[in-house]
Structures are given as C-alpha cells and as structure tokens.
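Engineer: Sharing coords.cif below, mmCIF, C-alpha atoms:
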```cif
data_my_file
loop_
_atom_site.label_atom_id
_atom_site.label_comp_id
_atom_site.auth_asym_id
_atom_site.auth_seq_id
_atom_site.Cartn_x
_atom_site.Cartn_y
_atom_site.Cartn_z
CA MET O 1116 99.06 121.04 75.69
CA GLU O 1117 99.25 117.43 76.73
CA VAL O 1118 101.31 115.33 74.31
CA MET O 1119 100.76 111.61 73.95
CA VAL O 1120 102.56 109.35 71.51
CA MET O 1121 101.27 106.08 70.17
CA GLU O 1122 104.14 104.14 71.78
CA SER O 1123 103.18 105.48 75.21
CA ARG O 1124 99.46 105.87 75.53
CA SER O 1125 99.15 103.82 78.69
CA GLU O 1126 98.67 106.75 81.04
CA ILE O 1127 95.73 109.10 81.27
CA GLY O 1128 97.13 112.59 80.85
CA PRO O 1129 96.79 115.52 83.24
CA GLN O 1130 93.66 116.90 81.59
CA MET O 1131 91.97 113.50 81.80
CA ILE O 1132 93.05 113.19 85.44
CA ARG O 1133 91.47 116.56 86.21
CA SER O 1134 88.31 115.55 84.36
CA CYS O 1135 88.26 112.31 86.27
CA SER O 1136 88.72 114.08 89.59
CA ASP O 1137 86.09 116.66 88.84
CA GLY O 1138 83.38 114.28 87.66
CA GLY O 1139 84.43 110.67 87.28
CA PHE O 1140 85.91 110.50 90.75
CA SER O 1141 85.59 112.44 93.95
CA ASP O 1142 87.81 111.92 96.96
CA CYS O 1143 86.36 109.99 99.85
CA ASN O 1144 84.79 112.37 102.33
CA SER O 1145 85.31 112.14 106.05
CA ASP O 1146 83.06 110.36 108.49
CA ARG O 1147 80.60 108.38 106.41
CA SER O 1148 79.59 105.73 108.93
CA GLY O 1149 76.18 105.67 110.49
CA GLU O 1150 75.91 108.28 113.18
CA PHE O 1151 76.78 105.82 115.92
CA SER O 1152 75.31 102.95 117.86
CA PRO O 1153 75.05 104.08 121.48
CA THR O 1154 76.60 101.47 123.75
CA GLY O 1155 74.10 101.76 126.53
CA GLY O 1156 72.25 104.67 128.03
CA THR O 1157 75.34 106.44 129.33
CA PHE O 1158 76.33 107.88 125.96
CA SER O 1159 76.05 111.57 126.77
CA LEU O 1160 74.59 114.07 124.31
CA ARG O 1161 76.55 116.73 126.13
CA ARG O 1162 79.81 114.84 125.47
CA LEU O 1163 78.86 114.39 121.83
CA LEU O 1164 78.22 118.12 121.46
CA VAL O 1165 81.58 118.83 123.10
CA SER O 1166 83.27 116.46 120.64
CA SER O 1167 81.61 118.12 117.66
CA SER O 1168 82.93 121.53 118.67
CA SER O 1169 86.23 122.96 117.51
CA GLU O 1170 86.69 124.45 120.99
CA TYR O 1171 88.12 121.85 123.32
CA SER O 1172 91.05 121.43 125.65
CA ASP O 1173 94.10 119.23 125.23
CA GLU O 1174 93.09 117.69 128.55
CA VAL O 1175 89.81 116.50 127.00
CA VAL O 1176 91.71 114.90 124.12
CA ARG O 1177 94.19 113.20 126.43
CA GLY O 1178 91.30 111.87 128.46
CA LEU O 1179 89.65 110.44 125.36
CA ILE O 1180 92.90 108.82 124.27
CA SER O 1181 93.22 107.21 127.70
CA GLU O 1182 89.69 105.85 127.33
CA LEU O 1183 90.67 104.17 124.06
CA GLU O 1184 92.75 101.75 126.15
CA SER O 1185 90.02 101.16 128.73
CA PRO O 1186 88.98 97.54 129.45
CA SER O 1187 85.40 98.69 128.83
CA VAL O 1188 84.21 98.37 125.23
CA GLU O 1189 81.57 100.99 125.99
CA SER O 1190 84.22 103.49 127.10
CA GLN O 1191 86.41 102.72 124.11
CA CYS O 1192 83.52 103.14 121.68
CA ARG O 1193 82.48 106.42 123.30
CA ALA O 1194 86.03 107.79 123.10
CA ALA O 1195 86.58 106.66 119.49
CA THR O 1196 83.25 108.19 118.46
CA GLN O 1197 84.05 111.53 120.06
CA LEU O 1198 87.54 111.65 118.56
CA ARG O 1199 85.96 110.81 115.23
CA PHE O 1200 83.61 113.79 115.51
CA LEU O 1201 86.41 116.08 116.68
CA ALA O 1202 88.37 115.22 113.54
CA LYS O 1203 85.38 115.29 111.22
CA HIS O 1204 85.58 118.83 109.86
CA SER O 1205 88.58 120.51 111.47
CA PRO O 1206 92.08 120.18 109.97
CA GLU O 1207 93.50 121.72 113.14
CA ASN O 1208 91.80 119.10 115.29
CA ARG O 1209 93.16 116.29 113.11
CA ILE O 1210 96.70 117.50 113.70
CA ARG O 1211 96.20 118.08 117.43
CA ILE O 1212 94.61 114.67 117.98
CA ALA O 1213 97.40 112.87 116.13
CA ARG O 1214 100.12 114.83 117.95
CA ALA O 1215 98.48 113.95 121.26
CA GLY O 1216 99.11 110.27 120.57
CA ALA O 1217 95.71 109.03 119.36
CA VAL O 1218 96.90 107.24 116.22
CA ALA O 1219 98.35 104.06 117.71
CA PRO O 1220 95.42 103.27 120.06
CA LEU O 1221 92.91 104.04 117.29
CA VAL O 1222 94.76 101.74 114.88
CA ALA O 1223 94.71 99.04 117.54
CA LEU O 1224 90.89 99.20 117.57
CA LEU O 1225 90.83 98.03 113.95
CA SER O 1226 91.60 94.50 115.08
CA HIS O 1227 89.04 94.53 117.92
CA PRO O 1228 86.40 91.79 117.67
CA ASP O 1229 83.53 94.20 118.46
CA PRO O 1230 82.26 95.32 115.03
CA GLN O 1231 80.89 98.69 116.17
CA LEU O 1232 84.07 99.57 118.00
CA GLN O 1233 86.08 98.61 114.94
CA GLU O 1234 83.80 100.77 112.78
CA GLN O 1235 84.24 103.82 115.00
CA GLY O 1236 88.00 103.24 115.07
CA VAL O 1237 88.41 102.97 111.31
CA THR O 1238 86.25 106.05 110.77
CA ALA O 1239 88.37 108.05 113.20
CA VAL O 1240 91.52 106.87 111.41
CA LEU O 1241 89.98 107.90 108.09
CA ASN O 1242 89.23 111.38 109.42
CA LEU O 1243 92.79 111.76 110.71
CA SER O 1244 94.18 110.54 107.37
CA LEU O 1245 92.60 113.51 105.60
CA CYS O 1246 95.54 115.55 106.92
CA ASP O 1247 98.72 114.96 104.93
CA GLU O 1248 100.84 115.49 108.03
CA ASN O 1249 99.21 112.47 109.69
CA LYS O 1250 99.60 109.92 106.88
CA ALA O 1251 103.14 108.80 107.68
CA THR O 1252 102.27 108.52 111.37
CA ILE O 1253 99.24 106.37 110.58
CA ALA O 1254 101.28 104.12 108.31
CA ALA O 1255 104.06 103.82 110.89
CA ALA O 1256 101.50 102.63 113.45
CA GLY O 1257 100.86 99.57 111.26
CA ALA O 1258 97.55 100.81 109.93
CA VAL O 1259 97.86 99.31 106.44
CA GLY O 1260 97.57 95.69 107.51
CA HIS O 1261 94.75 96.49 109.94
CA LEU O 1262 92.88 98.46 107.28
CA VAL O 1263 93.16 95.58 104.83
CA ARG O 1264 91.73 93.17 107.41
CA THR O 1265 88.90 95.60 108.10
CA LEU O 1266 88.34 95.88 104.36
CA CYS O 1267 87.95 92.10 104.23
CA PHE O 1268 85.94 91.40 107.36
CA GLY O 1269 84.43 94.62 108.73
CA THR O 1270 80.87 95.94 108.66
CA PRO O 1271 79.76 97.47 105.35
CA ALA O 1272 80.49 100.98 106.64
CA ALA O 1273 83.84 99.90 108.08
CA ARG O 1274 84.84 98.33 104.75
CA GLU O 1275 83.95 101.51 102.88
CA ASN O 1276 85.88 103.72 105.29
CA ALA O 1277 88.85 101.35 105.25
CA ALA O 1278 88.93 101.69 101.46
CA CYS O 1279 88.88 105.47 101.79
CA ALA O 1280 91.65 105.46 104.39
CA LEU O 1281 93.80 103.26 102.15
CA LEU O 1282 93.14 105.70 99.30
CA ARG O 1283 94.38 108.57 101.45
CA LEU O 1284 97.53 106.70 102.45
CA ALA O 1285 98.12 105.67 98.82
CA GLN O 1286 98.43 109.32 97.91
CA LEU O 1287 101.94 109.02 99.37
CA ASP O 1288 103.97 107.55 96.52
CA ASP O 1289 106.19 105.47 98.78
CA LEU O 1290 103.18 103.76 100.38
CA ARG O 1291 101.50 102.52 97.18
CA ALA O 1292 103.75 99.50 96.86
CA ALA O 1293 103.37 98.63 100.54
CA ILE O 1294 99.59 98.87 100.32
CA GLY O 1295 99.52 96.78 97.15
CA GLY O 1296 101.78 94.15 98.71
CA SER O 1297 99.61 93.94 101.83
CA GLY O 1298 96.70 92.25 100.08
CA ALA O 1299 94.69 95.42 99.56
CA ILE O 1300 94.14 94.91 95.82
CA PRO O 1301 92.15 91.64 95.99
CA ALA O 1302 90.17 93.06 98.92
CA LEU O 1303 89.30 96.19 96.94
CA VAL O 1304 88.33 94.07 93.92
CA ALA O 1305 86.03 92.07 96.20
CA LEU O 1306 84.44 95.29 97.47
CA LEU O 1307 84.03 96.44 93.86
CA GLU O 1308 82.17 93.19 93.13
CA THR O 1309 80.08 92.74 96.26
CA GLY O 1310 79.83 96.11 97.98
CA GLY O 1311 76.90 98.46 98.00
CA SER O 1312 76.78 101.51 95.78
CA ARG O 1313 79.03 103.57 98.04
CA GLY O 1314 81.39 100.65 98.60
CA LYS O 1315 81.83 100.11 94.87
CA LYS O 1316 82.60 103.79 94.35
CA ASP O 1317 85.11 103.81 97.21
CA ALA O 1318 86.79 100.68 95.85
CA ALA O 1319 87.04 102.15 92.36
CA THR O 1320 88.50 105.40 93.67
CA ALA O 1321 91.11 103.57 95.75
CA LEU O 1322 91.99 101.27 92.85
CA PHE O 1323 92.40 104.23 90.50
CA THR O 1324 95.05 105.66 92.81
CA LEU O 1325 96.81 102.38 93.57
CA LEU O 1326 96.89 101.27 89.94
CA ALA O 1327 99.19 104.15 89.07
CA SER O 1328 101.75 101.48 89.99
CA LYS O 1329 102.15 98.83 87.28
CA GLU O 1330 102.88 96.22 89.93
CA ASN O 1331 99.53 96.96 91.54
CA SER O 1332 97.85 96.86 88.13
CA SER O 1333 99.25 93.37 87.64
CA ARG O 1334 97.88 92.36 91.04
CA ALA O 1335 94.48 93.74 90.06
CA VAL O 1336 94.42 91.73 86.83
CA GLU O 1337 95.32 88.59 88.79
CA ALA O 1338 92.52 89.38 91.26
CA GLY O 1339 89.98 89.50 88.42
CA VAL O 1340 89.30 93.24 88.35
CA VAL O 1341 88.44 93.36 84.65
CA ARG O 1342 85.11 91.52 84.83
CA PRO O 1343 83.46 93.74 87.47
CA LEU O 1344 84.79 96.86 85.75
CA LEU O 1345 83.20 95.83 82.45
CA ASP O 1346 79.93 94.95 84.19
CA LEU O 1347 79.79 98.43 85.74
CA MET O 1348 80.69 100.10 82.44
CA ALA O 1349 77.90 98.22 80.68
CA ASP O 1350 75.29 99.29 83.25
CA PRO O 1351 74.38 103.00 83.12
CA GLU O 1352 72.17 102.51 86.17
CA SER O 1353 75.24 101.67 88.24
CA GLY O 1354 76.36 105.30 88.26
CA MET O 1355 79.83 103.87 87.83
CA VAL O 1356 80.43 104.01 84.08
CA ASP O 1357 83.04 106.78 84.22
CA LYS O 1358 84.83 105.46 87.31
CA ALA O 1359 85.07 101.93 85.98
CA ALA O 1360 86.26 103.14 82.57
CA TYR O 1361 89.10 105.16 84.08
CA VAL O 1362 90.23 102.23 86.24
CA LEU O 1363 90.08 99.89 83.24
CA HIS O 1364 92.22 102.32 81.25
CA ARG O 1365 94.96 101.97 83.85
CA VAL O 1366 94.70 98.17 83.73
CA LEU O 1367 95.11 98.29 79.95
CA ALA O 1368 98.62 99.68 80.35
CA LEU O 1369 99.71 96.05 80.83
CA PRO O 1370 99.68 93.34 78.14
CA GLU O 1371 97.90 90.98 80.53
CA GLY O 1372 95.32 93.69 81.19
CA ARG O 1373 94.63 94.10 77.50
CA ALA O 1374 94.37 90.33 77.05
CA ALA O 1375 91.96 90.06 79.99
CA ALA O 1376 89.79 92.90 78.63
CA VAL O 1377 89.49 91.17 75.25
CA ASP O 1378 88.91 87.73 76.79
CA GLU O 1379 86.20 89.10 79.09
CA GLY O 1380 84.27 90.70 76.22
CA GLY O 1381 85.49 94.25 76.73
CA LEU O 1382 85.56 95.27 73.06
CA PRO O 1383 81.75 95.41 72.62
CA VAL O 1384 81.47 97.39 75.85
CA LEU O 1385 84.05 99.95 74.72
CA VAL O 1386 82.57 100.25 71.22
CA GLU O 1387 79.11 100.78 72.73
CA MET O 1388 80.54 103.51 74.95
CA VAL O 1389 81.99 105.23 71.89
CA ASP O 1390 78.55 105.04 70.25
CA VAL O 1391 76.30 106.25 73.04
CA GLY O 1392 78.49 107.56 75.87
CA SER O 1393 79.05 111.11 77.03
CA GLN O 1394 81.94 113.05 75.51
CA ARG O 1395 84.18 112.09 78.42
CA GLN O 1396 83.15 108.44 78.09
CA LYS O 1397 83.81 108.50 74.35
CA GLU O 1398 87.26 109.91 74.97
CA VAL O 1399 88.36 107.36 77.57
CA ALA O 1400 86.80 104.52 75.55
CA MET O 1401 88.76 105.55 72.47
CA LEU O 1402 91.97 105.83 74.49
CA SER O 1403 91.36 102.29 75.72
CA LEU O 1404 90.63 101.01 72.23
CA LEU O 1405 93.82 102.64 70.98
CA GLN O 1406 95.79 100.72 73.58
CA ILE O 1407 94.12 97.46 72.62
CA CYS O 1408 94.36 98.00 68.86
CA GLU O 1409 98.06 98.74 69.08
CA GLU O 1410 98.57 95.34 70.69
CA SER O 1411 97.91 93.19 67.62
CA SER O 1412 96.27 92.97 64.24
CA ALA O 1413 93.97 90.26 65.66
CA TYR O 1414 92.53 92.75 68.14
CA ARG O 1415 92.10 95.31 65.37
CA ARG O 1416 90.12 92.82 63.31
CA MET O 1417 87.89 92.13 66.31
CA VAL O 1418 87.18 95.86 66.72
CA VAL O 1419 86.28 96.11 63.03
CA ARG O 1420 83.90 93.17 63.40
CA GLU O 1421 82.17 95.06 66.21
CA GLY O 1422 81.18 97.68 63.61
CA ALA O 1423 83.23 100.43 65.19
CA ILE O 1424 84.51 102.19 62.06
CA PRO O 1425 81.32 104.21 61.26
CA SER O 1426 81.36 105.65 64.78
CA PHE O 1427 85.02 106.60 64.47
CA VAL O 1428 84.39 108.20 61.08
CA ALA O 1429 81.54 110.27 62.55
CA LEU O 1430 83.68 111.33 65.52
CA SER O 1431 86.53 112.29 63.21
CA GLN O 1432 84.29 115.21 62.22
CA SER O 1433 83.82 116.27 65.84
CA SER O 1434 84.36 119.88 66.87
CA SER O 1435 86.36 118.57 69.84
CA LYS O 1436 90.01 118.42 68.86
CA LYS O 1437 90.73 115.63 71.35
CA ILE O 1438 87.83 113.48 70.14
CA LYS O 1439 88.65 114.15 66.50
CA GLU O 1440 92.33 113.21 66.84
CA LYS O 1441 91.64 110.02 68.73
CA ALA O 1442 89.02 108.95 66.19
CA GLU O 1443 91.42 109.64 63.34
CA ALA O 1444 94.15 107.64 65.08
CA LEU O 1445 91.81 104.67 65.46
CA ILE O 1446 90.74 104.84 61.82
CA ALA O 1447 94.38 104.86 60.76
CA LEU O 1448 95.16 101.87 62.96
CA LEU O 1449 92.17 99.85 61.73
CA ARG O 1450 93.10 100.51 58.12
CA GLN O 1451 96.61 99.18 58.59
CA PRO O 1452 97.56 95.88 56.90
CA THR O 1453 97.12 92.86 59.13
CA SER O 1454 100.86 92.23 59.21
CA PRO O 1455 102.80 93.97 62.01
CA SER O 1456 103.87 97.49 61.19
CA THR O 1457 105.81 100.24 62.88
CA LYS O 1458 103.78 102.48 65.11
CA ARG O 1459 103.92 106.15 64.20
CA PRO O 1460 104.09 108.84 66.88
CA MET O 1461 100.99 110.98 67.08
CA ALA O 1462 100.35 113.93 69.36
CA PHE O 1463 97.08 114.60 71.14
CA ALA O 1464 95.92 117.77 72.78
#
```
As structure tokens, how would this structure be written, given the file I've shared?
Structural biologist:
Amino acid sequence: MEVMVMESRSEIGPQMIRSCSDGGFSDCNSDRSGEFSPTGGTFSLRRLLVSSSSEYSDEVVRGLISELESPSVESQCRAATQLRFLAKHSPENRIRIARAGAVAPLVALLSHPDPQLQEQGVTAVLNLSLCDENKATIAAAGAVGHLVRTLCFGTPAARENAACALLRLAQLDDLRAAIGGSGAIPALVALLETGGSRGKKDAATALFTLLASKENSSRAVEAGVVRPLLDLMADPESGMVDKAAYVLHRVLALPEGRAAAVDEGGLPVLVEMVDVGSQRQKEVAMLSLLQICEESSAYRRMVVREGAIPSFVALSQSSSKKIKEKAEALIALLRQPTSPSTKRPMAFA
C-alpha cells in the first residue's frame, strides 16, 4: 500500500507512476525521424539493407565511423544514417557501435550546420542512448549541450529526437541537474508550446522525468510551463490531458508552482477534470487540488467558488478506495475554518 500524508503530498506515488507510464506516458521510441533524405544518387539500397541487418562485421562499423569524419557531407550523412539503422532495434548493436568509438563523432554532428546531417546524427545518438550502458559515454562526450542546441534550433524531427535523447540521459539521477542547468528546461517548454503533436508529447515526457528534481521544477515555472500545461489539460482533442496533468502535479510541489497554477486559471481546469475526466484524470486532479488547497484558506475559498464540493461529495461515495479517500480529504479541507489550522496526516492507498 502506498502511504501519503497531507504534509507530503507533493510526489506522485509508485502506483500513479506506473499508471502514468502505462497510459499517461510512454517512453520515447527509437528512430522516429523521416526515413532519410538521400544525399544524391549514390545512397545505396544495398548498404541500407546491410545497415538494417543485425549481421555485420566490426570492420563495417569501423568504416562507417571513419566516414563520420569525412569532409564530404554526403558521406557523413550516409554513415550516420546506416549507424542509426544498425542501432534501431538491436541492443547488442547499440553496445558494439558505442564501444567501437561512434559516440564522439556522432555527437559532433549535432553542431553541424547541415540540418539533415544533424537530424541523422541526433537520431543515431537517441538510438544509442536506449542502452543504459551507453548513457554515461554519451554524456561524457558533451552530448547534453549539443542536444539542447538541437532542441532549440534543429528540424522538427531533430528537436523531437533531441528531447527523447535528453529524457533517456535524465534517467541517470546524476545527470538530471546537469541537463536542467544546461538550458534544457526552457527549450522543452518551448517545444511543449510550439511543437507538433509528437513534439509536445516528447517534451512532456522529458519534463516529467526532469521535474523529479525540485530545482528543475523551479526552472520550469520560471520558463512559463504552467500556461501550456493548462491549455493542453483543457483541450481533450490534444491527446495530452493525462500527460500535462502529471507534469503539472510535479510543478505543484513548489509554492511558486501552486501560485502560478492559481494565477493562470488552473483551478477551473482542475475542477472540470474532476467533473468529467477519466478515473485516472479525476485522481491526479484531486491530488493537485489537495496540494493547492493545503497552501492557503484563500485558495480553498476559490475552489469552493468553482462549485467543486458537489463533485467531491459524489466521488466520496466512489467504489474506488483511492478516489473516495481523496474526495473525503478535499471535503474536510474545504470545510475547515478560514483561519490557518494544523494539517492532519491522512493515509491513501
């Protein structure tokens, strides 16, 4: 049983994390660029088929790595594309390619002025980053700064794949702070605001991981993350309601995050989610409202004015123990006197 107390409800518990991973979020998949843009007529289908196969020689890989440092953009793009395909589905290939020395020259391509070459390079780096063994090597090659620049200035596909690669690296606890301090948070917020459907989802997934750090959450609030999150939560057609709600919940762990959510009109959005959302949406919305309501009596009065109490009363009769307990906790909070009072511990399943 997951236990949460009213003094420490800032984190989504393990069951919510699993729910989020199973439905609200899915990890970025490998290799999601366009197939490729052939750089001239010499791009060989035979070579592409070789690169898609799991059967290849170390000599082939070494040759491709040498081509990454060729003065010819065409040769570099061909080599990066083939290494990308080699690493697409095979964990063994990802390890072999990294051990052969491909990481540093691939990372170097992320700063190349040719947009297609940069796109192939970042996608290859993403594919290699799917292997835990490669993450430290990629970070040590200076990839974080290059990925952030790609996230800011790359093609749409390159920006999406840069976000996914940063997500993978952020799964190493000791890299989250470095990624957050590199300027990744404002760049991800920008992708969340301006990206296409896939870009928004990739940005939200990366932010969810990075915002496990309170310092990164503070950076996200400063970068204006709350407004786009609320816009996505209020738009069922976005396909982003769950993702945005989970990211917002992490932001609400901070006082400045709660203030921003209220200032940006988040209370009506959360109350509406409690009214009409799925069970999972109701649960995360109530967790978020609990965080906000615990902040001050002024916030509690605002929630009451939104007409939330009838919904909470109805949900307090729910057959779901988690929904029922959260609804009851909210009712108890909203019925408190307006003067400050001591918070009482309460356990949730």
Engineer: Evaluate the PyMOL selection byres ((chain O and resi 1285-1296) around 7) and record the selected residues as a PDB file with C-alpha atoms, in the frame of the given file, following the chain and residue labels used in the document.
Structural biologist:
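Everything below was put into result_18.pdb:
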```
ATOM      1  CA  VAL O1259      97.860  99.310 106.440  1.00  0.00           C
ATOM      2  CA  LEU O1281      93.800 103.260 102.150  1.00  0.00           C
ATOM      3  CA  LEU O1282      93.140 105.700  99.300  1.00  0.00           C
ATOM      4  CA  ARG O1283      94.380 108.570 101.450  1.00  0.00           C
ATOM      5  CA  LEU O1284      97.530 106.700 102.450  1.00  0.00           C
ATOM      6  CA  SER O1297      99.610  93.940 101.830  1.00  0.00           C
ATOM      7  CA  GLY O1298      96.700  92.250 100.080  1.00  0.00           C
ATOM      8  CA  ALA O1299      94.690  95.420  99.560  1.00  0.00           C
ATOM      9  CA  ILE O1300      94.140  94.910  95.820  1.00  0.00           C
ATOM     10  CA  THR O1324      95.050 105.660  92.810  1.00  0.00           C
ATOM     11  CA  LEU O1325      96.810 102.380  93.570  1.00  0.00           C
ATOM     12  CA  ASN O1331      99.530  96.960  91.540  1.00  0.00           C
TER      13      ASN O1331
END
```
Engineer: Excluding same-chain residues fewer than 2 positions from stretch 1355-1364 of chain O, what lies within 9 Å of it counting all atoms listed in the file, as a short mmCIF file (atom, residue, chain, number, x, y, z; two decimals) with C-alpha atoms, in the coordinates of the input?
Structural biologist:
```cif
data_model
loop_
_atom_site.label_atom_id
_atom_site.label_comp_id
_atom_site.auth_asym_id
_atom_site.auth_seq_id
_atom_site.Cartn_x
_atom_site.Cartn_y
_atom_site.Cartn_z
CA SER O 1125 99.15 103.82 78.69
CA GLU O 1126 98.67 106.75 81.04
CA ILE O 1127 95.73 109.10 81.27
CA CYS O 1135 88.26 112.31 86.27
CA GLY O 1138 83.38 114.28 87.66
CA GLY O 1139 84.43 110.67 87.28
CA PHE O 1140 85.91 110.50 90.75
CA SER O 1312 76.78 101.51 95.78
CA LYS O 1315 81.83 100.11 94.87
CA LYS O 1316 82.60 103.79 94.35
CA ALA O 1319 87.04 102.15 92.36
CA THR O 1320 88.50 105.40 93.67
CA LEU O 1322 91.99 101.27 92.85
CA PHE O 1323 92.40 104.23 90.50
CA THR O 1324 95.05 105.66 92.81
CA LEU O 1326 96.89 101.27 89.94
CA VAL O 1340 89.30 93.24 88.35
CA VAL O 1341 88.44 93.36 84.65
CA PRO O 1343 83.46 93.74 87.47
CA LEU O 1344 84.79 96.86 85.75
CA LEU O 1345 83.20 95.83 82.45
CA ASP O 1346 79.93 94.95 84.19
CA LEU O 1347 79.79 98.43 85.74
CA MET O 1348 80.69 100.10 82.44
CA ALA O 1349 77.90 98.22 80.68
CA ASP O 1350 75.29 99.29 83.25
CA PRO O 1351 74.38 103.00 83.12
CA GLU O 1352 72.17 102.51 86.17
CA SER O 1353 75.24 101.67 88.24
CA VAL O 1366 94.70 98.17 83.73
CA LEU O 1367 95.11 98.29 79.95
CA ALA O 1368 98.62 99.68 80.35
CA GLY O 1372 95.32 93.69 81.19
CA ALA O 1376 89.79 92.90 78.63
CA LEU O 1385 84.05 99.95 74.72
CA ARG O 1395 84.18 112.09 78.42
CA GLN O 1396 83.15 108.44 78.09
CA VAL O 1399 88.36 107.36 77.57
CA ALA O 1400 86.80 104.52 75.55
CA LEU O 1402 91.97 105.83 74.49
CA SER O 1403 91.36 102.29 75.72
CA GLN O 1406 95.79 100.72 73.58
#
```
Engineer: With 8 Å of padding per side, what axis-aligned box (centre and edge lengths, Å, one decimal) covers all the listed atoms of stretch 1182-1197 of chain O? Give it as JSON.
Structural biologist:
```
{"center_x": 87.2, "center_y": 104.5, "center_z": 124.0, "size_x": 27.2, "size_y": 30.0, "size_z": 27.0}
```
Engineer: Nearest residue to O:Leu1430 out of O:Met1401, O:Ala1280, O:Arg1416, O:Thr1238, using all atoms listed in the file?
Structural biologist: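 The answer is O:Met1401, which sits nearest to O:Leu1430.
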Engineer: Quick one: of O:Val1218, O:Ala1321, O:Ile1446, O:Val1384, who's nearest to O:Glu1275, counting only C-alpha atoms?
Structural biologist: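 Closest residue, counting only C-alpha atoms: O:Ala1321.
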Engineer: Which residues are close to stretch 1190-1195 of chain O, i.e. within 7 Å by only C-alpha atoms, leaving aside same-chain residues fewer than 3 positions away? Reply as JSON, numbers by chain.
Structural biologist: {"O": [1158, 1179, 1182, 1183, 1184, 1185, 1187, 1198, 1199, 1232, 1235, 1236, 1239]}
Engineer: Could you list, as a PyMOL selection string, every residue within 9 Å of O:Ile1212, counting only C-alpha atoms and ignoring same-chain residues fewer than 5 positions away?
Structural biologist: chain O and resi 1173+1176-1177+1180+1198+1201-1202+1207+1217-1218+1243
Engineer: Between atom CA of O:Lys1203 and atom CA of O:Ala1327, measure the distance and give it in Å to one decimal.
Structural biologist: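 Straight-line distance from atom CA of O:Lys1203 to atom CA of O:Ala1327 works out to 28.4 Å.
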